[in-house]
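Chemist: My file is start_31.txt. It has compact mmCIF, C-alpha atoms and all ligand atoms:
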```txt
# COMPACT_ATOMS: atom_id res chain seq x y z
CA MET A 1 -39.23 -58.88 23.24
CA THR A 2 -39.06 -56.41 20.34
CA GLU A 3 -35.67 -55.40 19.01
CA ALA A 4 -34.56 -51.87 19.90
CA THR A 5 -34.54 -49.47 16.92
CA PRO A 6 -30.89 -48.87 16.03
CA GLU A 7 -29.55 -45.34 16.57
CA PRO A 8 -29.27 -43.29 13.37
CA ILE A 9 -25.71 -43.29 12.06
CA SER A 10 -24.06 -39.91 11.94
CA TYR A 11 -23.43 -38.27 8.57
CA LEU A 12 -19.72 -38.05 9.24
CA ARG A 13 -19.45 -41.79 9.77
CA HIS A 14 -20.59 -42.57 6.23
CA TRP A 15 -17.99 -40.01 5.10
CA ASP A 16 -15.12 -41.61 6.96
CA ARG A 17 -13.08 -43.25 4.23
CA THR A 18 -9.59 -44.31 5.29
CA GLU A 19 -8.41 -46.48 2.38
CA PRO A 20 -7.74 -45.53 -1.25
CA PHE A 21 -9.68 -48.49 -2.64
CA ASP A 22 -12.23 -49.37 0.02
CA PRO A 23 -15.28 -47.33 1.02
CA PRO A 24 -15.78 -46.60 4.75
CA ALA A 25 -16.14 -49.91 6.61
CA VAL A 26 -19.54 -48.90 7.98
CA LEU A 27 -20.97 -48.96 4.43
CA GLY A 28 -19.86 -52.57 3.96
CA GLU A 29 -21.55 -53.53 7.23
CA LEU A 30 -24.77 -51.71 6.37
CA VAL A 31 -25.17 -53.18 2.89
CA ARG A 32 -25.14 -56.62 4.50
CA THR A 33 -27.25 -55.88 7.57
CA ARG A 34 -29.34 -52.71 7.20
CA PRO A 35 -29.36 -51.48 3.57
CA LEU A 36 -31.74 -48.66 4.44
CA ALA A 37 -30.51 -47.07 7.65
CA ARG A 38 -31.54 -43.91 9.43
CA MET A 39 -28.86 -41.24 9.20
CA GLU A 40 -28.54 -37.93 11.02
CA TYR A 41 -27.63 -35.08 8.66
CA PRO A 42 -25.44 -32.09 9.56
CA ASP A 43 -28.48 -29.83 10.11
CA GLY A 44 -29.98 -32.29 12.60
CA HIS A 45 -32.45 -33.79 10.11
CA VAL A 46 -32.88 -37.54 10.55
CA GLY A 47 -33.13 -38.99 7.05
CA TRP A 48 -31.79 -42.14 5.44
CA LEU A 49 -28.76 -43.84 3.96
CA ALA A 50 -29.28 -46.45 1.19
CA THR A 51 -26.41 -48.85 0.58
CA SER A 52 -27.75 -51.74 -1.51
CA HIS A 53 -27.72 -51.90 -5.30
CA GLU A 54 -31.47 -52.50 -5.42
CA LEU A 55 -32.34 -49.52 -3.21
CA ALA A 56 -29.87 -47.23 -4.97
CA ARG A 57 -31.62 -47.94 -8.28
CA GLU A 58 -35.01 -47.57 -6.70
CA VAL A 59 -34.26 -44.12 -5.26
CA LEU A 60 -32.36 -42.75 -8.26
CA GLY A 61 -34.89 -44.17 -10.71
CA SER A 62 -37.98 -42.83 -8.96
CA GLN A 63 -39.76 -39.57 -9.73
CA ALA A 64 -40.99 -39.58 -6.14
CA PHE A 65 -37.53 -38.34 -5.18
CA SER A 66 -36.31 -34.86 -6.05
CA HIS A 67 -32.82 -33.62 -6.86
CA ARG A 68 -33.68 -29.97 -6.23
CA PHE A 69 -31.13 -28.52 -3.85
CA HIS A 70 -33.59 -26.59 -1.74
CA THR A 71 -35.47 -29.78 -0.86
CA THR A 72 -32.41 -31.50 0.55
CA HIS A 73 -30.92 -31.62 4.00
CA ALA A 74 -27.58 -32.70 2.72
CA PRO A 75 -25.71 -29.70 1.31
CA VAL A 76 -22.44 -29.85 3.17
CA THR A 77 -18.93 -28.72 2.41
CA LYS A 78 -16.16 -31.16 1.60
CA LYS A 79 -15.41 -31.14 5.32
CA GLY A 80 -18.94 -32.25 6.12
CA GLU A 81 -20.02 -28.83 7.46
CA LEU A 82 -23.34 -27.26 6.61
CA PHE A 83 -23.29 -25.46 3.28
CA PRO A 84 -25.37 -22.33 2.70
CA SER A 85 -28.24 -23.26 0.41
CA VAL A 86 -27.51 -22.96 -3.29
CA PRO A 87 -30.08 -21.20 -5.50
CA ILE A 88 -31.14 -22.96 -8.70
CA VAL A 89 -29.87 -20.90 -11.62
CA PRO A 90 -31.20 -20.85 -15.22
CA GLY A 91 -29.61 -23.80 -17.02
CA GLY A 92 -28.47 -25.37 -13.71
CA PHE A 93 -30.13 -28.63 -14.71
CA ILE A 94 -28.24 -30.94 -12.36
CA HIS A 95 -30.42 -29.71 -9.51
CA MET A 96 -33.69 -29.63 -11.40
CA ASP A 97 -36.42 -32.25 -11.67
CA PRO A 98 -38.30 -33.24 -14.84
CA PRO A 99 -39.81 -31.66 -16.86
CA GLU A 100 -37.55 -28.62 -16.23
CA HIS A 101 -34.48 -30.89 -16.18
CA THR A 102 -35.55 -32.74 -19.35
CA ARG A 103 -35.39 -29.64 -21.56
CA TYR A 104 -31.69 -29.01 -20.87
CA ARG A 105 -30.71 -32.64 -20.61
CA THR A 106 -32.20 -33.38 -24.05
CA LEU A 107 -30.10 -30.60 -25.57
CA LEU A 108 -26.96 -32.28 -24.23
CA SER A 109 -27.84 -35.95 -24.74
CA GLY A 110 -27.14 -35.78 -28.49
CA GLU A 111 -23.70 -34.29 -27.81
CA PHE A 112 -22.74 -37.39 -25.79
CA SER A 113 -24.68 -40.06 -27.69
CA ALA A 114 -23.05 -43.35 -28.78
CA ARG A 115 -22.59 -41.96 -32.31
CA ALA A 116 -21.18 -38.60 -31.21
CA THR A 117 -18.79 -40.30 -28.79
CA ALA A 118 -17.60 -42.86 -31.35
CA ALA A 119 -16.70 -39.97 -33.63
CA HIS A 120 -14.35 -38.65 -30.91
CA ALA A 121 -12.51 -42.00 -30.54
CA PRO A 122 -9.66 -41.41 -33.04
CA ARG A 123 -8.91 -37.99 -31.55
CA VAL A 124 -8.96 -39.31 -27.97
CA ALA A 125 -6.47 -42.03 -29.00
CA GLU A 126 -4.31 -39.34 -30.61
CA LEU A 127 -4.40 -37.20 -27.48
CA ALA A 128 -3.46 -40.21 -25.33
CA ALA A 129 -0.51 -40.95 -27.64
CA ALA A 130 0.61 -37.30 -27.47
CA GLN A 131 0.52 -37.33 -23.66
CA LEU A 132 2.41 -40.62 -23.60
CA ALA A 133 5.12 -38.94 -25.67
CA ARG A 134 5.31 -36.18 -23.01
CA VAL A 135 5.71 -38.83 -20.31
CA ARG A 136 8.55 -40.42 -22.28
CA GLU A 137 10.19 -37.02 -22.80
CA HIS A 138 10.11 -36.47 -19.06
CA GLY A 139 11.80 -39.79 -18.35
CA SER A 140 11.42 -42.21 -15.42
CA PRO A 141 10.43 -41.74 -12.58
CA VAL A 142 7.52 -39.42 -13.33
CA ASP A 143 4.33 -38.19 -11.73
CA LEU A 144 1.56 -39.34 -14.07
CA LEU A 145 -0.98 -36.93 -12.66
CA PRO A 146 0.33 -33.66 -14.17
CA THR A 147 1.96 -35.34 -17.18
CA TYR A 148 -0.77 -37.73 -18.28
CA VAL A 149 -4.00 -38.07 -16.30
CA ARG A 150 -4.83 -34.38 -15.90
CA PRO A 151 -3.88 -33.09 -19.36
CA LEU A 152 -5.59 -35.99 -21.11
CA SER A 153 -8.86 -35.52 -19.18
CA LEU A 154 -8.74 -31.74 -19.65
CA ARG A 155 -7.82 -31.77 -23.33
CA VAL A 156 -10.57 -34.22 -24.27
CA LEU A 157 -13.22 -32.25 -22.40
CA CYS A 158 -12.01 -28.90 -23.77
CA GLU A 159 -12.01 -30.14 -27.37
CA VAL A 160 -15.42 -31.75 -27.13
CA LEU A 161 -16.95 -28.69 -25.49
CA GLY A 162 -15.12 -26.15 -27.62
CA VAL A 163 -13.12 -24.50 -24.82
CA PRO A 164 -9.61 -23.38 -25.86
CA PHE A 165 -7.09 -25.40 -23.86
CA THR A 166 -5.17 -22.22 -22.99
CA GLY A 167 -8.12 -21.12 -20.84
CA SER A 168 -8.49 -24.48 -19.13
CA PRO A 169 -6.59 -23.55 -15.93
CA VAL A 170 -9.48 -21.24 -14.95
CA LEU A 171 -11.81 -24.21 -15.28
CA SER A 172 -9.63 -26.84 -13.63
CA ALA A 173 -9.10 -24.37 -10.74
CA LEU A 174 -12.83 -24.64 -10.13
CA SER A 175 -12.59 -28.42 -9.67
CA ASP A 176 -9.44 -28.09 -7.58
CA SER A 177 -11.02 -25.55 -5.25
CA ALA A 178 -14.00 -27.86 -4.82
CA THR A 179 -11.87 -30.87 -3.88
CA ASP A 180 -9.10 -29.19 -1.87
CA ASP A 181 -10.18 -29.23 1.76
CA GLU A 182 -7.78 -26.38 2.54
CA VAL A 183 -9.85 -24.09 0.27
CA GLY A 184 -12.76 -22.36 2.04
CA ILE A 185 -16.25 -21.68 0.74
CA GLU A 186 -15.46 -18.06 -0.23
CA ALA A 187 -12.42 -19.00 -2.32
CA GLU A 188 -14.44 -21.80 -3.92
CA ARG A 189 -17.16 -19.30 -4.85
CA GLU A 190 -14.57 -16.94 -6.36
CA ALA A 191 -13.16 -19.79 -8.49
CA GLY A 192 -16.74 -20.53 -9.60
CA THR A 193 -17.33 -16.89 -10.56
CA ARG A 194 -14.09 -16.74 -12.58
CA ALA A 195 -14.96 -19.97 -14.42
CA TYR A 196 -18.47 -18.63 -15.09
CA HIS A 197 -17.17 -15.40 -16.63
CA HIS A 198 -14.61 -17.27 -18.71
CA LEU A 199 -17.33 -19.49 -20.18
CA LEU A 200 -19.75 -16.56 -20.60
CA ASP A 201 -17.13 -14.82 -22.71
CA LEU A 202 -16.72 -17.93 -24.87
CA VAL A 203 -20.50 -18.21 -25.31
CA GLY A 204 -20.57 -14.56 -26.47
CA LYS A 205 -17.89 -15.33 -29.07
CA ALA A 206 -19.69 -18.51 -30.17
CA ARG A 207 -22.91 -16.54 -30.72
CA VAL A 208 -21.04 -14.56 -33.37
CA GLU A 209 -19.00 -17.42 -34.77
CA PRO A 210 -20.37 -20.83 -33.71
CA GLY A 211 -17.85 -23.68 -34.04
CA GLU A 212 -18.48 -27.41 -34.57
CA ASN A 213 -18.55 -28.19 -30.86
CA VAL A 214 -20.91 -28.21 -27.88
CA ILE A 215 -20.64 -24.46 -27.19
CA GLY A 216 -21.11 -23.66 -30.86
CA ARG A 217 -24.26 -25.76 -31.19
CA LEU A 218 -25.79 -24.47 -27.94
CA ALA A 219 -24.97 -20.88 -28.95
CA ALA A 220 -26.79 -21.42 -32.24
CA ASP A 221 -30.01 -22.09 -30.30
CA PRO A 222 -32.03 -18.84 -30.14
CA ASP A 223 -34.22 -20.22 -27.34
CA LEU A 224 -31.32 -20.39 -24.88
CA THR A 225 -30.00 -17.32 -23.06
CA ASP A 226 -26.26 -16.78 -22.57
CA ARG A 227 -26.76 -17.38 -18.88
CA GLU A 228 -28.49 -20.71 -19.45
CA ILE A 229 -25.77 -21.93 -21.83
CA THR A 230 -23.00 -20.81 -19.49
CA ASN A 231 -24.53 -22.61 -16.51
CA MET A 232 -25.08 -25.76 -18.56
CA LEU A 233 -21.42 -25.72 -19.61
CA LEU A 234 -20.27 -25.02 -16.09
CA ILE A 235 -22.13 -28.10 -14.88
CA VAL A 236 -20.77 -30.31 -17.64
CA PHE A 237 -17.26 -29.14 -16.93
CA ALA A 238 -17.52 -29.32 -13.15
CA ALA A 239 -19.25 -32.74 -13.18
CA GLY A 240 -17.07 -34.11 -15.96
CA PHE A 241 -13.51 -33.03 -15.33
CA ALA A 242 -12.98 -34.04 -11.69
CA SER A 243 -14.77 -37.36 -12.21
CA CYS A 244 -12.85 -38.22 -15.35
CA GLU A 245 -9.51 -37.30 -13.82
CA GLY A 246 -10.37 -39.08 -10.56
CA ALA A 247 -11.51 -42.24 -12.37
CA LEU A 248 -8.42 -42.42 -14.58
CA ALA A 249 -6.08 -41.80 -11.63
CA SER A 250 -7.88 -44.28 -9.34
CA SER A 251 -8.04 -46.93 -12.06
CA LEU A 252 -4.31 -46.60 -12.68
CA LEU A 253 -3.55 -46.75 -9.00
CA ALA A 254 -5.73 -49.85 -8.61
CA LEU A 255 -3.99 -51.56 -11.54
CA LEU A 256 -0.52 -50.64 -10.29
CA HIS A 257 -1.41 -52.13 -6.93
CA HIS A 258 -3.04 -55.27 -8.38
CA ARG A 259 -0.23 -56.33 -10.72
CA ASP A 260 -1.97 -59.50 -11.93
CA GLN A 261 -4.92 -57.40 -13.07
CA LEU A 262 -2.59 -54.97 -14.82
CA ASP A 263 -1.10 -57.91 -16.73
CA GLN A 264 -4.58 -59.08 -17.65
CA LEU A 265 -5.44 -55.65 -19.02
CA ARG A 266 -2.17 -55.49 -20.97
CA THR A 267 -2.85 -58.89 -22.54
CA ALA A 268 -6.32 -57.72 -23.60
CA ALA A 269 -4.86 -54.48 -25.00
CA ARG A 270 -2.25 -56.44 -26.99
CA SER A 271 -4.88 -58.68 -28.50
CA GLY A 272 -6.47 -55.49 -29.85
CA GLY A 273 -10.13 -56.37 -29.26
CA ALA A 274 -11.92 -53.30 -27.89
CA ASP A 275 -14.49 -55.58 -26.22
CA GLY A 276 -12.06 -56.97 -23.66
CA ILE A 277 -10.85 -53.55 -22.55
CA GLU A 278 -14.34 -52.10 -22.46
CA LYS A 279 -15.51 -54.86 -20.14
CA MET A 280 -12.49 -54.32 -17.89
CA VAL A 281 -13.18 -50.58 -17.74
CA GLU A 282 -16.61 -51.39 -16.30
CA GLU A 283 -15.00 -53.38 -13.50
CA LEU A 284 -12.57 -50.53 -12.81
CA LEU A 285 -15.46 -48.08 -12.65
CA ARG A 286 -17.30 -50.36 -10.23
CA TYR A 287 -14.29 -51.01 -8.03
CA THR A 288 -13.11 -47.40 -7.82
CA SER A 289 -16.59 -45.76 -7.66
CA VAL A 290 -15.03 -42.32 -7.53
CA ASN A 291 -18.28 -40.37 -7.00
CA GLN A 292 -18.31 -41.51 -3.44
CA PHE A 293 -20.39 -39.00 -1.47
CA GLN A 294 -23.14 -36.43 -1.92
CA ILE A 295 -25.48 -38.41 -4.10
CA PHE A 296 -28.82 -37.63 -2.51
CA ARG A 297 -32.52 -37.22 -3.23
CA THR A 298 -35.43 -35.96 -1.15
CA ALA A 299 -38.87 -37.59 -1.04
CA LEU A 300 -41.59 -35.42 -2.58
CA SER A 301 -44.34 -37.52 -0.99
CA ASP A 302 -44.48 -40.42 1.47
CA VAL A 303 -42.78 -43.39 -0.22
CA GLU A 304 -42.48 -47.06 0.71
CA LEU A 305 -38.82 -48.01 0.37
CA GLY A 306 -37.11 -51.23 1.46
CA GLY A 307 -39.97 -52.02 3.84
CA GLU A 308 -39.78 -48.58 5.51
CA LEU A 309 -41.88 -45.47 5.15
CA VAL A 310 -39.81 -42.54 3.91
CA ARG A 311 -41.82 -39.42 4.63
CA ALA A 312 -42.19 -36.43 2.33
CA GLY A 313 -39.28 -34.04 2.91
CA GLU A 314 -36.87 -36.72 4.14
CA THR A 315 -33.52 -36.96 2.40
CA VAL A 316 -32.03 -40.27 1.27
CA THR A 317 -28.28 -40.44 0.58
CA VAL A 318 -27.32 -43.12 -1.92
CA ALA A 319 -23.91 -44.63 -1.25
CA LEU A 320 -22.77 -45.61 -4.74
CA PRO A 321 -19.50 -47.25 -3.58
CA ALA A 322 -21.52 -49.52 -1.26
CA ALA A 323 -24.08 -50.36 -3.96
CA ASN A 324 -21.19 -51.22 -6.27
CA ARG A 325 -19.93 -53.72 -3.71
CA ASP A 326 -23.27 -55.28 -2.92
CA PRO A 327 -22.60 -59.03 -2.53
CA ALA A 328 -26.14 -59.70 -3.75
CA LYS A 329 -25.21 -58.19 -7.12
CA PHE A 330 -21.52 -58.88 -7.78
CA GLY A 331 -19.66 -62.20 -7.51
CA CYS A 332 -16.45 -60.55 -6.36
CA PRO A 333 -17.78 -57.47 -4.54
CA ASP A 334 -14.73 -56.28 -2.61
CA GLY A 335 -11.85 -57.26 -4.88
CA LEU A 336 -10.78 -56.07 -8.32
CA ASP A 337 -11.54 -58.85 -10.80
CA LEU A 338 -11.25 -57.72 -14.40
CA SER A 339 -12.80 -60.97 -15.60
CA GLN A 340 -16.13 -60.34 -13.86
CA ASP A 341 -19.12 -58.82 -15.61
CA ALA A 342 -19.57 -55.53 -13.76
CA SER A 343 -21.79 -53.85 -16.35
CA ALA A 344 -24.61 -53.41 -13.81
CA HIS A 345 -22.48 -51.04 -11.71
CA LEU A 346 -23.86 -47.67 -10.67
CA ALA A 347 -20.67 -45.60 -10.84
CA PHE A 348 -22.44 -43.25 -13.27
CA GLY A 349 -25.57 -43.06 -11.14
CA TYR A 350 -28.95 -44.15 -12.47
CA GLY A 351 -32.23 -42.68 -13.71
CA VAL A 352 -32.81 -39.28 -15.27
CA HIS A 353 -29.66 -37.77 -13.75
CA ALA A 354 -27.36 -40.67 -14.73
CA CYS A 355 -24.09 -39.31 -16.07
CA VAL A 356 -24.66 -37.67 -19.44
CA GLY A 357 -20.94 -37.97 -20.32
CA GLN A 358 -20.54 -41.64 -19.41
CA ARG A 359 -19.67 -42.81 -22.93
CA LEU A 360 -16.99 -40.17 -23.24
CA ALA A 361 -15.64 -41.10 -19.80
CA ARG A 362 -15.46 -44.78 -20.83
CA LEU A 363 -13.63 -43.79 -23.99
CA VAL A 364 -11.04 -41.72 -22.09
CA LEU A 365 -10.48 -44.60 -19.67
CA ALA A 366 -10.17 -47.23 -22.41
CA GLU A 367 -7.84 -45.18 -24.61
CA GLY A 368 -5.92 -43.67 -21.71
CA LEU A 369 -5.22 -47.03 -20.06
CA THR A 370 -4.47 -48.85 -23.32
CA ALA A 371 -1.88 -46.29 -24.45
CA LEU A 372 -0.10 -46.43 -21.10
CA VAL A 373 0.00 -50.18 -20.56
CA LEU A 374 1.14 -50.84 -24.13
CA GLY A 375 3.56 -47.93 -24.28
CA LEU A 376 5.18 -48.51 -20.89
CA PRO A 377 5.57 -52.28 -20.37
CA GLU A 378 7.59 -51.86 -17.16
CA LEU A 379 5.17 -49.40 -15.54
CA ALA A 380 5.17 -49.66 -11.72
CA LEU A 381 4.45 -47.50 -8.66
CA ASP A 382 7.59 -45.66 -7.60
CA VAL A 383 6.61 -45.43 -3.91
CA PRO A 384 4.72 -47.75 -1.57
CA LEU A 385 0.94 -47.42 -1.95
CA GLN A 386 0.65 -45.74 1.49
CA GLU A 387 2.81 -42.88 0.24
CA VAL A 388 0.56 -42.01 -2.69
CA PRO A 389 -1.44 -38.97 -1.53
CA VAL A 390 -5.15 -39.54 -2.10
CA ARG A 391 -7.92 -37.18 -0.96
CA LEU A 392 -10.09 -39.75 0.74
CA LYS A 393 -12.91 -37.58 2.06
CA THR A 394 -13.86 -35.54 -0.99
CA PRO A 395 -17.07 -36.16 -2.99
CA VAL A 396 -14.89 -37.30 -5.92
CA LEU A 397 -12.05 -39.53 -4.82
CA SER A 398 -8.85 -37.92 -6.09
CA ALA A 399 -5.16 -38.78 -6.12
CA LEU A 400 -2.88 -35.75 -5.79
CA ARG A 401 0.17 -37.45 -7.30
CA LEU A 402 0.83 -40.69 -9.12
CA PRO A 403 4.58 -41.35 -8.88
CA VAL A 404 5.62 -44.18 -11.21
CA ARG A 405 8.73 -45.57 -12.86
CA TYR A 406 8.83 -47.35 -16.18
C1 LIG B 1 -15.49 -41.73 -15.02
C2 LIG B 1 -15.90 -40.49 -15.01
C3 LIG B 1 -17.24 -40.06 -14.51
C4 LIG B 1 -17.98 -40.54 -13.45
C5 LIG B 1 -17.62 -41.68 -12.50
C6 LIG B 1 -19.21 -39.77 -13.40
C7 LIG B 1 -20.22 -39.97 -12.48
C8 LIG B 1 -21.43 -39.29 -12.46
C9 LIG B 1 -22.52 -39.56 -11.55
C10 LIG B 1 -22.51 -40.60 -10.43
C11 LIG B 1 -23.54 -38.73 -11.86
C12 LIG B 1 -24.92 -38.69 -11.20
C13 LIG B 1 -25.02 -37.71 -10.07
C14 LIG B 1 -26.34 -37.82 -9.33
O1 LIG B 1 -27.20 -38.62 -9.67
O2 LIG B 1 -26.53 -37.08 -8.34
C15 LIG B 1 -23.09 -37.91 -12.95
C16 LIG B 1 -23.84 -36.92 -13.53
C17 LIG B 1 -23.34 -36.11 -14.50
N1 LIG B 1 -22.15 -36.26 -15.19
FE1 LIG B 1 -20.70 -37.61 -14.89
N2 LIG B 1 -19.18 -38.85 -14.40
C18 LIG B 1 -18.01 -39.00 -15.11
C19 LIG B 1 -17.62 -38.29 -16.22
C20 LIG B 1 -18.34 -37.31 -16.80
C21 LIG B 1 -17.98 -36.63 -18.02
C22 LIG B 1 -16.72 -36.90 -18.87
C23 LIG B 1 -18.94 -35.69 -18.23
C24 LIG B 1 -19.08 -34.69 -19.32
C25 LIG B 1 -18.54 -34.75 -20.48
C26 LIG B 1 -19.92 -35.80 -17.16
C27 LIG B 1 -21.03 -35.01 -17.01
C28 LIG B 1 -22.05 -35.24 -16.10
C29 LIG B 1 -23.24 -34.40 -16.00
C30 LIG B 1 -23.55 -33.16 -16.81
C31 LIG B 1 -24.05 -34.95 -15.00
C32 LIG B 1 -25.41 -34.46 -14.54
C33 LIG B 1 -26.48 -35.12 -15.34
C34 LIG B 1 -27.87 -34.66 -14.98
O3 LIG B 1 -28.09 -34.13 -13.88
O4 LIG B 1 -28.76 -34.89 -15.81
N3 LIG B 1 -19.53 -36.80 -16.32
N4 LIG B 1 -21.80 -38.29 -13.32
```
Rewrite the coordinates I just gave you, this time as structure tokens.
Ligand code: HEM

Modeler:
Amino acid sequence: MTEATPEPISYLRHWDRTEPFDPPAVLGELVRTRPLARMEYPDGHVGWLATSHELAREVLGSQAFSHRFHTTHAPVTKKGELFPSVPIVPGGFIHMDPPEHTRYRTLLSGEFSARATAAHAPRVAELAAAQLARVREHGSPVDLLPTYVRPLSLRVLCEVLGVPFTGSPVLSALSDSATDDEVGIEAEREAGTRAYHHLLDLVGKARVEPGENVIGRLAADPDLTDREITNMLLIVFAAGFASCEGALASSLLALLHHRDQLDQLRTAARSGGADGIEKMVEELLRYTSVNQFQIFRTALSDVELGGELVRAGETVTVALPAANRDPAKFGCPDGLDLSQDASAHLAFGYGVHACVGQRLARLVLAEGLTALVLGLPELALDVPLQEVPVRLKTPVLSALRLPVRY
């Protein structure tokens, strides 16, 4: 007797996260039993869901799969509803394929190279110390989200890009509107338009007087139009800010919940070796996997994948949180174990679209966590974990508050 083909899982099931640290249970089952499963998308398309580490790398690393928006069946709102298709705009490289994507990506790669990022390290440490001072001024208890996590993530990004911090609320409003499920598509679009015009204005100024920052260097390039530069910046900001804030908040929450791991991180920070902290940051990135939904690619031709035939035009969603808990890849897949080597994690994606700002993100996490655990030795959650509000069903996992005492 042949086995019946399993029913495709519904898109909303893979979206159904209920815990702040654990991905939806169905993903954990699939990675163990059916790492490439059929999935029904919101528009009725029956595509695929990849949950294993191996398949995630295969899809994201293959040129047979496209990231162009118009090829995908997956554009949905944060509530999982169908999203009107998004046109590809000049400079909107995140939804382009090579070689179109390569041109823009190359212009940015140097800005976030190992050397460029290392040069930012002293300033990031300074900004972390300044925010810590604000936390101390506030006194205990305190919400670390508006006093530490948000301003640190925003200030670093603004300085590196060359965006005056005073204008940053227009930009952070864009991320907030995208993650707040109370905000509708129209309001989200309006926030996008305001952020676009704010950046366009800055690009105009940088054309006249280019500074030593990302905007300045892009504006000095005569081959780029204002529109291209503005859209490139918009992507970097939109992709970078929410993820950086989400990762720092989720890492802190995870450490405050796993006290033994927090102690381990503090010991490493005291010993002063950057290596120890850097390794631990990788494990935090793996465990929290904040870019939890909406990583998808569409097959440009028929492709053999995990023993199945994925046909041209079919969309494959890659569940990064599941891949990062693949028992075939990690010794302690479901727990937080700062002593494990998690460097193979896929929290920053993989392939040509892998996070361009990943070194900067690692730096913010390392400096941001070090300053806090050393500066506040009695740091603890001020409410039970269940009372910390976390947006569980947004593409980037985000805590709304982080109430602590110290
Ligand atoms: C811990 C924080 C961060 C995480 C977890 C993260 C995660 C990711 C992931 C998973 C992707 C791949 C998306 C895909 O393949 O569909 C990505 C792409 C990207 N990230 Fe990040 N990111 C973080 C921080 C940042 C920062 C700080 C910046 C900018 C300074 C940034 C800029 C970008 C850009 C521009 C892309 C698109 C790259 C491309 O399409 O070529 N990210 N990020």

Chemist: Please write out, as lines of an AutoDock Vina configuration file, where the centre of an axis-aligned box around all listed atoms of ligand LIG 1 (chain B) lies and how long its edges are, in Å to one decimal, after adding 6 Å on each side.

Modeler:
```
center_x = -22.1
center_y = -37.4
center_z = -14.4
size_x = 25.3
size_y = 20.6
size_z = 24.1
```

Chemist: If I take CA of Leu152 in chain A and CA of Ser251 in chain A, how far is one from the other in Å, to one decimal?

Modeler: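 Answer for the CA of Leu152 in chain A to CA of Ser251 in chain A separation: 14.4 Å.
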
Chemist: Here is a test: counting only C-alpha atoms, which residue of A:Asp201, A:Glu367, A:Glu378, A:Glu159 is nearest to Ala121 in chain A?

Modeler: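 Among the listed residues, A:Glu367 lies closest to Ala121 in chain A.
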
Chemist: Which one of A:Leu144, A:Ala239, A:Leu233, A:Ile215 sits closest to ligand LIG 1 (chain B) if you count only C-alpha atoms and all ligand atoms?

Modeler: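 For ligand LIG 1 (chain B), the nearest of the given residues is A:Ala239.
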
Chemist: Smallest atom-to-atom distance to Thr370 in chain A: which of A:Val390, A:Val183, A:Ala399, A:Ala128, using only C-alpha atoms?

Modeler: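 Distance minimum relative to Thr370 in chain A lands on A:Ala128.
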
Chemist: Using all atoms listed in the file, pick whichever of A:Val149, A:Leu154, A:Val356, A:Leu27 has the shortest atom-to-atom distance to ligand LIG 1 (chain B).

Modeler: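 Among A:Val149, A:Leu154, A:Val356, A:Leu27, it is A:Val356 that comes nearest to ligand LIG 1 (chain B).
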
Chemist: Counting all atoms listed in the file, find the residues whose atoms lie at most 12 Å from (-37.4, -48.7, 7.7) (file coordinates) and write them out as a list in words.

Modeler: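 Residues with an atom at most 12 Å from (-37.4, -48.7, 7.7): Thr5, Pro6, Pro8, Arg34, Pro35, Leu36, Ala37, Arg38, Met39, Gly47, Trp48, Leu49, Ala50, Val303, Glu304, Leu305, Gly306, Gly307, Glu308, Leu309, Val310, Arg311 and Val316 of chain A.
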
Chemist: Restricting it to C-alpha atoms, dump the selection as a PDB file, keeping the file's coordinate frame.

Modeler:
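As a result, out.pdb now contains:
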```pdb
ATOM      1  CA  THR A   5     -34.540 -49.470  16.920  1.00  0.00           C
ATOM      2  CA  PRO A   6     -30.890 -48.870  16.030  1.00  0.00           C
ATOM      3  CA  PRO A   8     -29.270 -43.290  13.370  1.00  0.00           C
ATOM      4  CA  ARG A  34     -29.340 -52.710   7.200  1.00  0.00           C
ATOM      5  CA  PRO A  35     -29.360 -51.480   3.570  1.00  0.00           C
ATOM      6  CA  LEU A  36     -31.740 -48.660   4.440  1.00  0.00           C
ATOM      7  CA  ALA A  37     -30.510 -47.070   7.650  1.00  0.00           C
ATOM      8  CA  ARG A  38     -31.540 -43.910   9.430  1.00  0.00           C
ATOM      9  CA  MET A  39     -28.860 -41.240   9.200  1.00  0.00           C
ATOM     10  CA  GLY A  47     -33.130 -38.990   7.050  1.00  0.00           C
ATOM     11  CA  TRP A  48     -31.790 -42.140   5.440  1.00  0.00           C
ATOM     12  CA  LEU A  49     -28.760 -43.840   3.960  1.00  0.00           C
ATOM     13  CA  ALA A  50     -29.280 -46.450   1.190  1.00  0.00           C
ATOM     14  CA  VAL A 303     -42.780 -43.390  -0.220  1.00  0.00           C
ATOM     15  CA  GLU A 304     -42.480 -47.060   0.710  1.00  0.00           C
ATOM     16  CA  LEU A 305     -38.820 -48.010   0.370  1.00  0.00           C
ATOM     17  CA  GLY A 306     -37.110 -51.230   1.460  1.00  0.00           C
ATOM     18  CA  GLY A 307     -39.970 -52.020   3.840  1.00  0.00           C
ATOM     19  CA  GLU A 308     -39.780 -48.580   5.510  1.00  0.00           C
ATOM     20  CA  LEU A 309     -41.880 -45.470   5.150  1.00  0.00           C
ATOM     21  CA  VAL A 310     -39.810 -42.540   3.910  1.00  0.00           C
ATOM     22  CA  ARG A 311     -41.820 -39.420   4.630  1.00  0.00           C
ATOM     23  CA  VAL A 316     -32.030 -40.270   1.270  1.00  0.00           C
TER      24      VAL A 316
END
```

Chemist: Between atom C8 of ligand LIG 1 (chain B) and CA of Leu346 in chain A, measure the distance and give it in Å to one decimal.

Modeler: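 CA of Leu346 in chain A lies at a distance of 8.9 Å from atom C8 of ligand LIG 1 (chain B).
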